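S.K.: For reference, the file model.cif (mmCIF, C-alpha atoms (C1' of nucleotides)) is included below:
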data_work
loop_
_atom_site.label_atom_id
_atom_site.label_comp_id
_atom_site.auth_asym_id
_atom_site.auth_seq_id
_atom_site.Cartn_x
_atom_site.Cartn_y
_atom_site.Cartn_z
CA MET A 1 89.91 93.43 58.11
CA THR A 2 91.75 91.73 60.93
CA THR A 3 90.14 91.13 64.27
CA GLN A 4 92.66 91.96 66.97
CA PRO A 5 93.04 89.73 69.97
CA PRO A 6 91.30 91.65 72.72
CA LEU A 7 93.58 93.80 74.82
CA LEU A 8 92.31 92.12 77.93
CA ARG A 9 89.50 90.10 79.36
CA ILE A 10 88.02 90.05 82.82
CA ASP A 11 85.86 87.66 84.80
CA LEU A 12 83.04 89.42 86.56
CA SER A 13 82.23 86.34 88.63
CA SER A 14 85.70 85.93 90.07
CA GLY A 15 85.25 88.07 93.15
CA VAL A 16 88.24 90.19 92.24
CA PRO A 17 87.06 93.78 91.67
CA ALA A 18 86.68 94.59 87.99
CA TYR A 19 88.79 97.73 88.12
CA ARG A 20 91.62 95.79 89.73
CA GLN A 21 91.48 93.10 87.06
CA ILE A 22 91.74 95.83 84.46
CA VAL A 23 94.70 97.41 86.23
CA ASP A 24 96.50 94.09 86.62
CA ALA A 25 95.96 93.03 83.03
CA LEU A 26 97.02 96.35 81.56
CA ARG A 27 100.09 96.51 83.76
CA VAL A 28 101.28 93.21 82.35
CA HIS A 29 101.17 94.74 78.87
CA LEU A 30 102.88 97.90 80.08
CA VAL A 31 105.71 96.08 81.83
CA ASN A 32 106.25 93.71 78.91
CA GLU A 33 106.09 96.56 76.41
CA GLY A 34 103.15 95.19 74.54
CA LEU A 35 102.00 98.72 75.22
CA ARG A 36 104.71 101.24 74.44
CA PRO A 37 105.23 104.92 75.21
CA GLY A 38 103.08 107.00 72.92
CA ASP A 39 100.44 104.34 72.45
CA LEU A 40 96.85 105.35 73.08
CA LEU A 41 94.54 103.17 75.13
CA PRO A 42 90.91 102.81 74.11
CA PRO A 43 88.57 105.51 75.44
CA VAL A 44 87.01 104.53 78.72
CA ARG A 45 83.56 104.21 77.17
CA GLN A 46 84.74 101.87 74.44
CA LEU A 47 86.72 99.57 76.68
CA ALA A 48 83.84 99.57 79.13
CA VAL A 49 81.48 98.26 76.45
CA ASP A 50 83.98 95.61 75.41
CA LEU A 51 84.31 94.40 79.00
CA GLY A 52 80.70 94.78 80.03
CA VAL A 53 81.24 97.26 82.84
CA HIS A 54 80.46 100.91 83.43
CA PHE A 55 82.88 103.42 81.94
CA ASN A 56 83.61 104.89 85.35
CA THR A 57 85.00 101.52 86.36
CA VAL A 58 87.46 101.69 83.49
CA ALA A 59 88.22 105.32 84.36
CA ASP A 60 89.09 104.22 87.90
CA ALA A 61 91.51 101.66 86.52
CA TYR A 62 93.14 104.22 84.24
CA ARG A 63 93.55 106.56 87.19
CA VAL A 64 95.36 103.93 89.23
CA LEU A 65 97.81 103.38 86.41
CA ALA A 66 98.21 107.13 85.97
CA GLU A 67 99.13 107.41 89.64
CA GLU A 68 101.69 104.69 89.13
CA GLY A 69 103.23 106.81 86.40
CA TRP A 70 102.22 104.64 83.47
CA LEU A 71 99.58 106.80 81.83
CA ASP A 72 98.92 110.41 81.02
CA LEU A 73 95.20 111.15 81.04
CA ARG A 74 93.79 114.16 79.27
CA ARG A 75 90.28 115.04 78.35
CA ARG A 76 89.43 114.67 74.76
CA ARG A 77 92.87 113.27 73.90
CA GLY A 78 92.58 110.03 75.82
CA ALA A 79 94.96 107.86 77.78
CA MET A 80 98.51 107.83 76.51
CA VAL A 81 101.27 105.48 77.63
CA LEU A 82 104.19 107.36 79.16
CA GLU A 83 107.89 106.84 79.05
CA ARG A 84 108.52 105.39 82.47
CA GLY A 85 111.72 103.63 83.37
CA MET A 86 111.28 100.71 85.70
CA PRO A 87 113.97 102.06 88.08
CA ARG A 88 112.39 103.74 91.10
CA LEU A 89 114.50 101.97 93.70
CA ALA A 90 112.85 99.01 95.27
CA ASP A 91 111.54 99.23 98.77
CA PRO A 92 113.45 96.33 100.32
CA ALA A 93 110.34 95.12 102.14
CA ARG A 94 108.70 94.85 98.75
CA GLY A 95 110.78 91.88 97.73
CA GLU A 96 109.97 89.99 100.87
CA LEU A 97 106.31 90.66 100.36
CA PHE A 98 106.61 89.30 96.84
CA SER A 99 108.14 86.12 98.15
CA ARG A 100 105.26 85.63 100.54
CA ARG A 101 102.53 86.40 98.03
CA LEU A 102 104.17 83.99 95.61
CA ARG A 103 104.11 81.19 98.14
CA GLU A 104 100.52 81.95 99.00
CA LEU A 105 99.51 81.86 95.37
CA VAL A 106 101.21 78.53 94.81
CA ALA A 107 99.66 77.05 97.93
CA GLU A 108 96.27 78.22 96.73
CA VAL A 109 96.47 76.52 93.37
CA GLN A 110 98.05 73.44 94.89
CA SER A 111 95.12 73.29 97.25
CA ALA A 112 92.77 73.66 94.30
CA GLY A 113 94.31 70.63 92.65
CA VAL A 114 96.68 72.00 90.05
CA ALA A 115 99.42 69.42 89.56
CA VAL A 116 102.77 70.29 91.10
CA PRO A 117 104.77 69.54 87.93
CA GLN A 118 102.65 72.01 86.05
CA ILE A 119 103.21 74.63 88.71
CA ILE A 120 106.95 74.05 88.50
CA ARG A 121 106.78 74.36 84.74
CA GLU A 122 104.95 77.67 84.89
CA LEU A 123 107.41 79.08 87.40
CA ARG A 124 110.44 78.07 85.36
CA LEU A 125 108.87 79.26 82.14
CA LEU A 126 108.22 82.67 83.58
CA ALA A 127 111.71 82.88 85.04
CA ALA A 128 113.20 82.01 81.68
CA GLY A 129 111.07 84.63 79.99
CA LEU A 130 112.40 87.28 82.32
CA GLU A 131 115.99 86.26 81.82
CA LYS A 132 116.41 87.16 78.18
CA MET B 1 110.42 78.36 127.98
CA THR B 2 110.76 78.67 124.25
CA THR B 3 108.98 81.42 122.35
CA GLN B 4 107.53 79.93 119.20
CA PRO B 5 107.79 81.78 115.94
CA PRO B 6 104.28 83.12 115.40
CA LEU B 7 102.09 80.93 113.25
CA LEU B 8 101.34 83.86 111.03
CA ARG B 9 101.33 87.60 110.81
CA ILE B 10 99.06 89.96 108.97
CA ASP B 11 99.24 93.56 107.86
CA LEU B 12 96.08 95.46 108.63
CA SER B 13 97.15 98.39 106.48
CA SER B 14 97.71 96.36 103.33
CA GLY B 15 94.23 96.66 101.91
CA VAL B 16 93.87 92.90 101.69
CA PRO B 17 91.01 91.80 103.95
CA ALA B 18 92.26 90.42 107.24
CA TYR B 19 90.32 87.17 107.03
CA ARG B 20 91.79 86.52 103.59
CA GLN B 21 95.32 87.11 104.82
CA ILE B 22 94.69 84.60 107.58
CA VAL B 23 93.31 82.06 105.11
CA ASP B 24 96.24 82.51 102.73
CA ALA B 25 98.88 82.26 105.41
CA LEU B 26 97.37 79.20 107.05
CA ARG B 27 96.91 77.46 103.72
CA VAL B 28 100.62 77.76 103.06
CA HIS B 29 101.30 75.87 106.28
CA LEU B 30 98.64 73.30 105.47
CA VAL B 31 99.91 72.61 101.98
CA ASN B 32 103.52 72.44 103.12
CA GLU B 33 102.62 70.23 106.06
CA GLY B 34 103.88 72.62 108.65
CA LEU B 35 100.39 71.92 109.94
CA ARG B 36 99.62 68.22 109.89
CA PRO B 37 96.46 66.17 110.21
CA GLY B 38 95.44 65.99 113.84
CA ASP B 39 97.05 69.30 114.77
CA LEU B 40 94.90 71.77 116.61
CA LEU B 41 94.83 75.42 115.59
CA PRO B 42 94.62 78.11 118.25
CA PRO B 43 91.12 78.99 119.43
CA VAL B 44 89.62 81.83 117.45
CA ARG B 45 89.77 84.19 120.42
CA GLN B 46 93.42 83.55 121.10
CA LEU B 47 94.59 83.95 117.53
CA ALA B 48 92.42 87.03 117.25
CA VAL B 49 94.22 88.67 120.16
CA ASP B 50 97.60 87.73 118.70
CA LEU B 51 96.69 89.30 115.39
CA GLY B 52 94.80 92.28 116.73
CA VAL B 53 91.45 91.54 115.09
CA HIS B 54 88.04 90.45 116.26
CA PHE B 55 87.57 86.76 116.89
CA ASN B 56 84.77 86.58 114.37
CA THR B 57 87.26 87.57 111.71
CA VAL B 58 89.39 84.57 112.62
CA ALA B 59 86.28 82.41 112.73
CA ASP B 60 85.45 83.49 109.17
CA ALA B 61 88.91 82.45 108.05
CA TYR B 62 88.61 79.08 109.76
CA ARG B 63 85.27 78.54 108.06
CA VAL B 64 86.73 79.18 104.61
CA LEU B 65 89.41 76.58 105.25
CA ALA B 66 86.82 74.19 106.60
CA GLU B 67 84.84 74.58 103.38
CA GLU B 68 87.99 73.79 101.45
CA GLY B 69 88.25 70.57 103.39
CA TRP B 70 91.30 71.47 105.46
CA LEU B 71 89.74 71.86 108.88
CA ASP B 72 87.17 70.25 111.07
CA LEU B 73 85.52 72.77 113.36
CA ARG B 74 83.76 71.73 116.50
CA ARG B 75 82.56 73.72 119.41
CA ARG B 76 84.59 73.38 122.51
CA ARG B 77 87.10 71.07 120.84
CA GLY B 78 88.54 73.63 118.46
CA ALA B 79 89.82 73.57 114.89
CA MET B 80 91.55 70.37 113.88
CA VAL B 81 93.55 69.80 110.74
CA LEU B 82 92.06 67.07 108.58
CA GLU B 83 93.58 64.39 106.45
CA ARG B 84 93.01 65.81 103.02
CA GLY B 85 94.79 64.52 99.97
CA MET B 86 95.73 67.18 97.49
CA PRO B 87 94.15 65.27 94.57
CA ARG B 88 90.65 66.58 93.80
CA LEU B 89 91.19 66.70 90.07
CA ALA B 90 92.23 70.07 88.73
CA ASP B 91 89.78 72.15 86.83
CA PRO B 92 91.75 72.65 83.60
CA ALA B 93 90.87 76.34 83.52
CA ARG B 94 92.46 76.61 86.93
CA GLY B 95 95.95 76.14 85.57
CA GLU B 96 95.52 78.85 82.98
CA LEU B 97 94.22 81.19 85.62
CA PHE B 98 97.30 80.46 87.69
CA SER B 99 99.52 81.35 84.78
CA ARG B 100 97.78 84.65 84.38
CA ARG B 101 97.77 85.55 88.07
CA LEU B 102 101.46 84.69 88.21
CA ARG B 103 102.27 87.05 85.37
CA GLU B 104 100.18 89.77 86.94
CA LEU B 105 101.95 89.40 90.25
CA VAL B 106 105.36 89.58 88.61
CA ALA B 107 104.37 92.62 86.57
CA GLU B 108 103.15 94.29 89.72
CA VAL B 109 106.39 93.89 91.62
CA GLN B 110 108.42 94.74 88.55
CA SER B 111 106.42 97.92 88.27
CA ALA B 112 107.09 98.59 91.94
CA GLY B 113 110.80 98.40 91.33
CA VAL B 114 111.83 94.96 92.52
CA ALA B 115 114.91 93.95 90.56
CA VAL B 116 114.35 91.38 87.83
CA PRO B 117 117.23 89.13 88.92
CA GLN B 118 115.70 88.91 92.36
CA ILE B 119 112.34 87.99 90.88
CA ILE B 120 113.98 85.28 88.82
CA ARG B 121 115.75 84.00 91.91
CA GLU B 122 112.52 83.78 93.88
CA LEU B 123 110.74 81.94 91.09
CA ARG B 124 113.51 79.40 90.66
CA LEU B 125 113.88 78.96 94.40
CA LEU B 126 110.22 78.17 94.79
CA ALA B 127 110.26 75.81 91.83
CA ALA B 128 113.20 73.95 93.31
CA GLY B 129 111.47 73.72 96.66
CA LEU B 130 108.47 72.08 95.03
CA GLU B 131 110.57 69.59 93.13
CA LYS B 132 111.96 67.60 96.01
"C1'" DC C 1 86.64 131.84 64.99
"C1'" DC C 2 82.96 129.24 66.66
"C1'" DA C 3 80.16 125.07 67.46
"C1'" DT C 4 80.16 120.50 68.33
"C1'" DA C 5 81.20 116.24 69.80
"C1'" DA C 6 84.53 113.14 72.01
"C1'" DT C 7 86.91 112.53 75.81
"C1'" DG C 8 88.14 112.32 80.95
"C1'" DT C 9 86.24 114.13 85.73
"C1'" DA C 10 83.22 114.78 89.64
"C1'" DT C 11 79.47 113.63 92.61
"C1'" DA C 12 75.66 111.15 94.39
"C1'" DC C 13 73.50 106.83 95.06
"C1'" DT C 14 72.92 101.66 95.75
"C1'" DG C 15 74.35 97.13 96.91
"C1'" DT C 16 77.73 94.22 99.00
"C1'" DA C 17 81.66 92.90 101.71
"C1'" DC C 18 84.49 93.46 105.89
"C1'" DG C 19 85.00 93.92 110.63
"C1'" DT C 20 82.90 94.21 115.08
"C1'" DG C 21 79.63 93.60 119.21
"C1'" DT C 22 76.85 90.64 121.49
"C1'" DA C 23 74.08 86.81 122.48
"C1'" DC C 24 73.68 81.89 121.80
"C1'" DA C 25 74.60 76.64 121.28
"C1'" DT C 26 77.48 72.95 122.22
"C1'" DT C 27 80.37 70.02 124.79
"C1'" DA C 28 84.82 68.50 127.35
"C1'" DG C 29 86.11 68.16 131.82
"C1'" DA C 30 85.87 68.98 136.88
"C1'" DT D 1 75.60 67.85 136.83
"C1'" DC D 2 77.66 72.22 136.36
"C1'" DT D 3 80.78 75.28 134.30
"C1'" DA D 4 83.57 77.35 131.31
"C1'" DA D 5 85.80 77.15 126.78
"C1'" DT D 6 84.87 76.94 122.33
"C1'" DG D 7 82.61 77.69 117.68
"C1'" DT D 8 78.10 79.90 115.62
"C1'" DA D 9 74.56 83.27 114.44
"C1'" DC D 10 72.98 87.65 113.56
"C1'" DA D 11 72.65 92.61 113.61
"C1'" DC D 12 75.04 96.73 112.88
"C1'" DG D 13 78.40 100.53 111.11
"C1'" DT D 14 81.59 101.61 107.77
"C1'" DA D 15 84.04 101.43 103.59
"C1'" DC D 16 84.41 99.98 98.95
"C1'" DA D 17 82.78 98.62 94.15
"C1'" DG D 18 79.92 99.67 90.55
"C1'" DT D 19 76.62 102.62 88.35
"C1'" DA D 20 73.97 106.81 86.77
"C1'" DT D 21 74.17 111.30 85.53
"C1'" DA D 22 75.81 115.79 84.94
"C1'" DC D 23 79.93 118.48 84.02
"C1'" DA D 24 84.59 120.39 82.23
"C1'" DT D 25 87.85 120.37 78.71
"C1'" DT D 26 89.58 120.46 74.21
"C1'" DA D 27 90.59 118.67 69.33
"C1'" DT D 28 88.42 119.19 65.09
"C1'" DG D 29 85.31 120.66 61.17
"C1'" DG D 30 82.98 124.28 59.16
#
Translate the structure described by the file into structure tokens.

M.R.:
Amino acid sequence: MTTQPPLLRIDLSSGVPAYRQIVDALRVHLVNEGLRPGDLLPPVRQLAVDLGVHFNTVADAYRVLAEEGWLDLRRRRGAMVLERGMPRLADPARGELFSRRLRELVAEVQSAGVAVPQIIRELRLLAAGLEK
Amino acid sequence: MTTQPPLLRIDLSSGVPAYRQIVDALRVHLVNEGLRPGDLLPPVRQLAVDLGVHFNTVADAYRVLAEEGWLDLRRRRGAMVLERGMPRLADPARGELFSRRLRELVAEVQSAGVAVPQIIRELRLLAAGLEK
DNA sequence: CCATAATGTATACTGTACGTGTACATTAGA
DNA sequence: TCTAATGTACACGTACAGTATACATTATGG
């Protein structure tokens, strides 16, 4: 019997709403195809127990992802990952907003004392990962 | 008479709390030394009018930055930028959290349709900016 | 074919955070 | 010394996050 690495973990003391942490973490898996079309996510009640939140909180997260086109939710069958091309043409303002959020995030961790070389490393690492 | 580029702008419809947007935007300037020790920030009432929020909202933002050690707040004198080395040793968990938040942010904009090459460009650009 | 149980959905309720209104405390400068 | 400009304190309304509980739907076993 193999114990899987947990699908995601959240930090209830972080101030970031739990349902948003769930959305963000799952979306990473969806975008990177760690979760593929046809896969089934855990039932809301099970994931809720794993994370230590109420199942409605998980249901809220699933609904957000369903509205984004990632999931198909059906009673009794569960939450299934959909085929969903990344296309949907980018709102041009979206890229600019990304640039700003990125700078804000970096400033925040710089302010918190994370070493600049490490920040550079993370940025380059992620860029390289996207390239191939 | 020269019209300055505004110190910051916020988007009241973005869902992100206004005071947090103010904090994040100002911190970018503080970290990048667009705001230097000894500089005075606008009075809370003035910045509030510029941004279209209540002055207590600006005051809240100033207080957060004061708690982070960036500002010295005094009645009647205003909000002054402090000398504040970046050091304060990094909580090691902080770097890992940065890595995760970074991936989540990228997944979010990818999901929203921002082109991958553009994302890569932004990441590399920011990394290069930090290097020198 | 039906009964049942597993799943997501809907609604009401509580606590907390955000933003504002208003009064106050402090202090630089006339 | 007075005044006015500044940050501070606190109370309030509203919206949001999280939970409790009941419900609707449907795959599955008999």

S.K.: On this structure, the PyMOL selection byres ((chain B) within 12 of (chain D)) would catch which residues? List them as an NGL selection string, sorted by chain and number.

M.R.: :B and (15 or 17 or 42-46 or 55-56 or 58-60 or 62-63 or 72-79)

S.K.: Quick one: apply the PyMOL selection byres ((chain C) within 12 of (chain A)) to the file and drop the selected residues here as a compact mmCIF listing (two decimals) with C-alpha atoms (C1' of nucleotides), keeping the file's coordinate frame.

M.R.:
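Final file, result_23.txt:
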# COMPACT_ATOMS: atom_id res chain seq x y z
C1' DA C 5 81.20 116.24 69.80
C1' DA C 6 84.53 113.14 72.01
C1' DT C 7 86.91 112.53 75.81
C1' DG C 8 88.14 112.32 80.95
C1' DT C 9 86.24 114.13 85.73
C1' DA C 10 83.22 114.78 89.64
C1' DT C 16 77.73 94.22 99.00
C1' DA C 17 81.66 92.90 101.71

S.K.: Onto chain A, please fit chain B by least squares using all C-alpha atoms in order, then return the transformed chain as a PDB file with C-alpha atoms, in the frame of the given file.

M.R.:
ATOM      1  CA  MET B   1      89.862  93.493  58.109  1.00  0.00           C
ATOM      2  CA  THR B   2      91.766  91.820  60.884  1.00  0.00           C
ATOM      3  CA  THR B   3      90.146  91.164  64.243  1.00  0.00           C
ATOM      4  CA  GLN B   4      92.637  92.027  66.944  1.00  0.00           C
ATOM      5  CA  PRO B   5      93.050  89.776  69.924  1.00  0.00           C
ATOM      6  CA  PRO B   6      91.298  91.666  72.711  1.00  0.00           C
ATOM      7  CA  LEU B   7      93.580  93.808  74.814  1.00  0.00           C
ATOM      8  CA  LEU B   8      92.286  92.140  77.915  1.00  0.00           C
ATOM      9  CA  ARG B   9      89.466  90.137  79.355  1.00  0.00           C
ATOM     10  CA  ILE B  10      87.980  90.088  82.804  1.00  0.00           C
ATOM     11  CA  ASP B  11      85.813  87.711  84.774  1.00  0.00           C
ATOM     12  CA  LEU B  12      83.001  89.472  86.556  1.00  0.00           C
ATOM     13  CA  SER B  13      82.185  86.394  88.608  1.00  0.00           C
ATOM     14  CA  SER B  14      85.671  85.954  90.027  1.00  0.00           C
ATOM     15  CA  GLY B  15      85.228  88.066  93.119  1.00  0.00           C
ATOM     16  CA  VAL B  16      88.201  90.224  92.212  1.00  0.00           C
ATOM     17  CA  PRO B  17      87.011  93.800  91.674  1.00  0.00           C
ATOM     18  CA  ALA B  18      86.640  94.628  88.004  1.00  0.00           C
ATOM     19  CA  TYR B  19      88.758  97.770  88.126  1.00  0.00           C
ATOM     20  CA  ARG B  20      91.578  95.801  89.736  1.00  0.00           C
ATOM     21  CA  GLN B  21      91.439  93.126  87.063  1.00  0.00           C
ATOM     22  CA  ILE B  22      91.715  95.843  84.445  1.00  0.00           C
ATOM     23  CA  VAL B  23      94.677  97.422  86.231  1.00  0.00           C
ATOM     24  CA  ASP B  24      96.463  94.087  86.603  1.00  0.00           C
ATOM     25  CA  ALA B  25      95.935  93.031  83.023  1.00  0.00           C
ATOM     26  CA  LEU B  26      97.009  96.353  81.557  1.00  0.00           C
ATOM     27  CA  ARG B  27     100.076  96.506  83.770  1.00  0.00           C
ATOM     28  CA  VAL B  28     101.256  93.208  82.348  1.00  0.00           C
ATOM     29  CA  HIS B  29     101.163  94.726  78.870  1.00  0.00           C
ATOM     30  CA  LEU B  30     102.872  97.882  80.076  1.00  0.00           C
ATOM     31  CA  VAL B  31     105.694  96.075  81.820  1.00  0.00           C
ATOM     32  CA  ASN B  32     106.225  93.700  78.915  1.00  0.00           C
ATOM     33  CA  GLU B  33     106.089  96.535  76.408  1.00  0.00           C
ATOM     34  CA  GLY B  34     103.145  95.169  74.545  1.00  0.00           C
ATOM     35  CA  LEU B  35     101.995  98.710  75.229  1.00  0.00           C
ATOM     36  CA  ARG B  36     104.711 101.217  74.436  1.00  0.00           C
ATOM     37  CA  PRO B  37     105.248 104.874  75.226  1.00  0.00           C
ATOM     38  CA  GLY B  38     103.104 106.982  72.943  1.00  0.00           C
ATOM     39  CA  ASP B  39     100.449 104.310  72.471  1.00  0.00           C
ATOM     40  CA  LEU B  40      96.887 105.337  73.074  1.00  0.00           C
ATOM     41  CA  LEU B  41      94.561 103.161  75.128  1.00  0.00           C
ATOM     42  CA  PRO B  42      90.925 102.820  74.117  1.00  0.00           C
ATOM     43  CA  PRO B  43      88.592 105.515  75.425  1.00  0.00           C
ATOM     44  CA  VAL B  44      87.024 104.564  78.723  1.00  0.00           C
ATOM     45  CA  ARG B  45      83.580 104.214  77.166  1.00  0.00           C
ATOM     46  CA  GLN B  46      84.744 101.898  74.432  1.00  0.00           C
ATOM     47  CA  LEU B  47      86.725  99.578  76.661  1.00  0.00           C
ATOM     48  CA  ALA B  48      83.844  99.598  79.105  1.00  0.00           C
ATOM     49  CA  VAL B  49      81.466  98.302  76.447  1.00  0.00           C
ATOM     50  CA  ASP B  50      83.967  95.640  75.398  1.00  0.00           C
ATOM     51  CA  LEU B  51      84.295  94.439  78.961  1.00  0.00           C
ATOM     52  CA  GLY B  52      80.681  94.830  79.978  1.00  0.00           C
ATOM     53  CA  VAL B  53      81.214  97.305  82.815  1.00  0.00           C
ATOM     54  CA  HIS B  54      80.459 100.946  83.416  1.00  0.00           C
ATOM     55  CA  PHE B  55      82.878 103.438  81.942  1.00  0.00           C
ATOM     56  CA  ASN B  56      83.610 104.895  85.342  1.00  0.00           C
ATOM     57  CA  THR B  57      85.002 101.534  86.352  1.00  0.00           C
ATOM     58  CA  VAL B  58      87.463 101.714  83.475  1.00  0.00           C
ATOM     59  CA  ALA B  59      88.216 105.319  84.360  1.00  0.00           C
ATOM     60  CA  ASP B  60      89.090 104.226  87.906  1.00  0.00           C
ATOM     61  CA  ALA B  61      91.505 101.666  86.519  1.00  0.00           C
ATOM     62  CA  TYR B  62      93.127 104.219  84.233  1.00  0.00           C
ATOM     63  CA  ARG B  63      93.538 106.562  87.179  1.00  0.00           C
ATOM     64  CA  VAL B  64      95.347 103.929  89.239  1.00  0.00           C
ATOM     65  CA  LEU B  65      97.798 103.379  86.403  1.00  0.00           C
ATOM     66  CA  ALA B  66      98.198 107.107  85.977  1.00  0.00           C
ATOM     67  CA  GLU B  67      99.100 107.391  89.657  1.00  0.00           C
ATOM     68  CA  GLU B  68     101.676 104.675  89.145  1.00  0.00           C
ATOM     69  CA  GLY B  69     103.212 106.786  86.428  1.00  0.00           C
ATOM     70  CA  TRP B  70     102.233 104.608  83.479  1.00  0.00           C
ATOM     71  CA  LEU B  71      99.603 106.776  81.845  1.00  0.00           C
ATOM     72  CA  ASP B  72      98.934 110.364  81.029  1.00  0.00           C
ATOM     73  CA  LEU B  73      95.227 111.122  81.031  1.00  0.00           C
ATOM     74  CA  ARG B  74      93.818 114.095  79.238  1.00  0.00           C
ATOM     75  CA  ARG B  75      90.314 114.980  78.339  1.00  0.00           C
ATOM     76  CA  ARG B  76      89.452 114.591  74.740  1.00  0.00           C
ATOM     77  CA  ARG B  77      92.897 113.254  73.864  1.00  0.00           C
ATOM     78  CA  GLY B  78      92.604 110.000  75.765  1.00  0.00           C
ATOM     79  CA  ALA B  79      94.977 107.832  77.779  1.00  0.00           C
ATOM     80  CA  MET B  80      98.537 107.790  76.523  1.00  0.00           C
ATOM     81  CA  VAL B  81     101.279 105.463  77.640  1.00  0.00           C
ATOM     82  CA  LEU B  82     104.189 107.330  79.185  1.00  0.00           C
ATOM     83  CA  GLU B  83     107.897 106.810  79.078  1.00  0.00           C
ATOM     84  CA  ARG B  84     108.506 105.379  82.496  1.00  0.00           C
ATOM     85  CA  GLY B  85     111.701 103.628  83.422  1.00  0.00           C
ATOM     86  CA  MET B  86     111.242 100.682  85.707  1.00  0.00           C
ATOM     87  CA  PRO B  87     113.900 101.942  88.160  1.00  0.00           C
ATOM     88  CA  ARG B  88     112.301 103.763  91.108  1.00  0.00           C
ATOM     89  CA  LEU B  89     114.411 102.031  93.709  1.00  0.00           C
ATOM     90  CA  ALA B  90     112.796  99.019  95.307  1.00  0.00           C
ATOM     91  CA  ASP B  91     111.512  99.237  98.805  1.00  0.00           C
ATOM     92  CA  PRO B  92     113.454  96.349 100.370  1.00  0.00           C
ATOM     93  CA  ALA B  93     110.350  95.104 102.162  1.00  0.00           C
ATOM     94  CA  ARG B  94     108.714  94.849  98.772  1.00  0.00           C
ATOM     95  CA  GLY B  95     110.821  91.890  97.746  1.00  0.00           C
ATOM     96  CA  GLU B  96     109.995  89.961 100.881  1.00  0.00           C
ATOM     97  CA  LEU B  97     106.336  90.653 100.363  1.00  0.00           C
ATOM     98  CA  PHE B  98     106.645  89.296  96.846  1.00  0.00           C
ATOM     99  CA  SER B  99     108.176  86.116  98.161  1.00  0.00           C
ATOM    100  CA  ARG B 100     105.310  85.643 100.536  1.00  0.00           C
ATOM    101  CA  ARG B 101     102.571  86.416  98.021  1.00  0.00           C
ATOM    102  CA  LEU B 102     104.217  84.002  95.604  1.00  0.00           C
ATOM    103  CA  ARG B 103     104.154  81.194  98.134  1.00  0.00           C
ATOM    104  CA  GLU B 104     100.561  81.955  98.996  1.00  0.00           C
ATOM    105  CA  LEU B 105      99.534  81.857  95.368  1.00  0.00           C
ATOM    106  CA  VAL B 106     101.262  78.531  94.819  1.00  0.00           C
ATOM    107  CA  ALA B 107      99.715  77.055  97.952  1.00  0.00           C
ATOM    108  CA  GLU B 108      96.325  78.201  96.772  1.00  0.00           C
ATOM    109  CA  VAL B 109      96.514  76.491  93.410  1.00  0.00           C
ATOM    110  CA  GLN B 110      98.110  73.427  94.938  1.00  0.00           C
ATOM    111  CA  SER B 111      95.199  73.262  97.322  1.00  0.00           C
ATOM    112  CA  ALA B 112      92.844  73.611  94.373  1.00  0.00           C
ATOM    113  CA  GLY B 113      94.382  70.584  92.746  1.00  0.00           C
ATOM    114  CA  VAL B 114      96.722  71.952  90.107  1.00  0.00           C
ATOM    115  CA  ALA B 115      99.467  69.396  89.582  1.00  0.00           C
ATOM    116  CA  VAL B 116     102.828  70.257  91.109  1.00  0.00           C
ATOM    117  CA  PRO B 117     104.814  69.518  87.937  1.00  0.00           C
ATOM    118  CA  GLN B 118     102.661  71.985  86.066  1.00  0.00           C
ATOM    119  CA  ILE B 119     103.244  74.614  88.725  1.00  0.00           C
ATOM    120  CA  ILE B 120     106.971  74.039  88.489  1.00  0.00           C
ATOM    121  CA  ARG B 121     106.779  74.339  84.721  1.00  0.00           C
ATOM    122  CA  GLU B 122     104.952  77.654  84.905  1.00  0.00           C
ATOM    123  CA  LEU B 123     107.427  79.079  87.392  1.00  0.00           C
ATOM    124  CA  ARG B 124     110.445  78.070  85.347  1.00  0.00           C
ATOM    125  CA  LEU B 125     108.839  79.254  82.132  1.00  0.00           C
ATOM    126  CA  LEU B 126     108.206  82.676  83.568  1.00  0.00           C
ATOM    127  CA  ALA B 127     111.699  82.879  85.014  1.00  0.00           C
ATOM    128  CA  ALA B 128     113.180  82.021  81.643  1.00  0.00           C
ATOM    129  CA  GLY B 129     111.028  84.621  79.946  1.00  0.00           C
ATOM    130  CA  LEU B 130     112.361  87.289  82.280  1.00  0.00           C
ATOM    131  CA  GLU B 131     115.958  86.291  81.744  1.00  0.00           C
ATOM    132  CA  LYS B 132     116.332  87.188  78.105  1.00  0.00           C
TER     133      LYS B 132
END

S.K.: Using only C-alpha atoms, determine which residues of chain B fall within 9 Å of chain A; present them as a VMD selection string.

M.R.: chain B and resid 24 to 25 27 to 32 68 86 to 92 94 to 95 98 to 124 126 to 128 130 to 131

S.K.: Just the number, please: distance in Å from atom CA of Gly38 of chain B to atom CA of Leu65 of chain B, one decimal.

M.R.: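 It comes out at 14.9 Å.
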
S.K.: Could you jot down the atom CA of Tyr19 of chain B to atom CA of Leu40 of chain B separation for me, Å, one decimal place?

M.R.: 18.7 Å
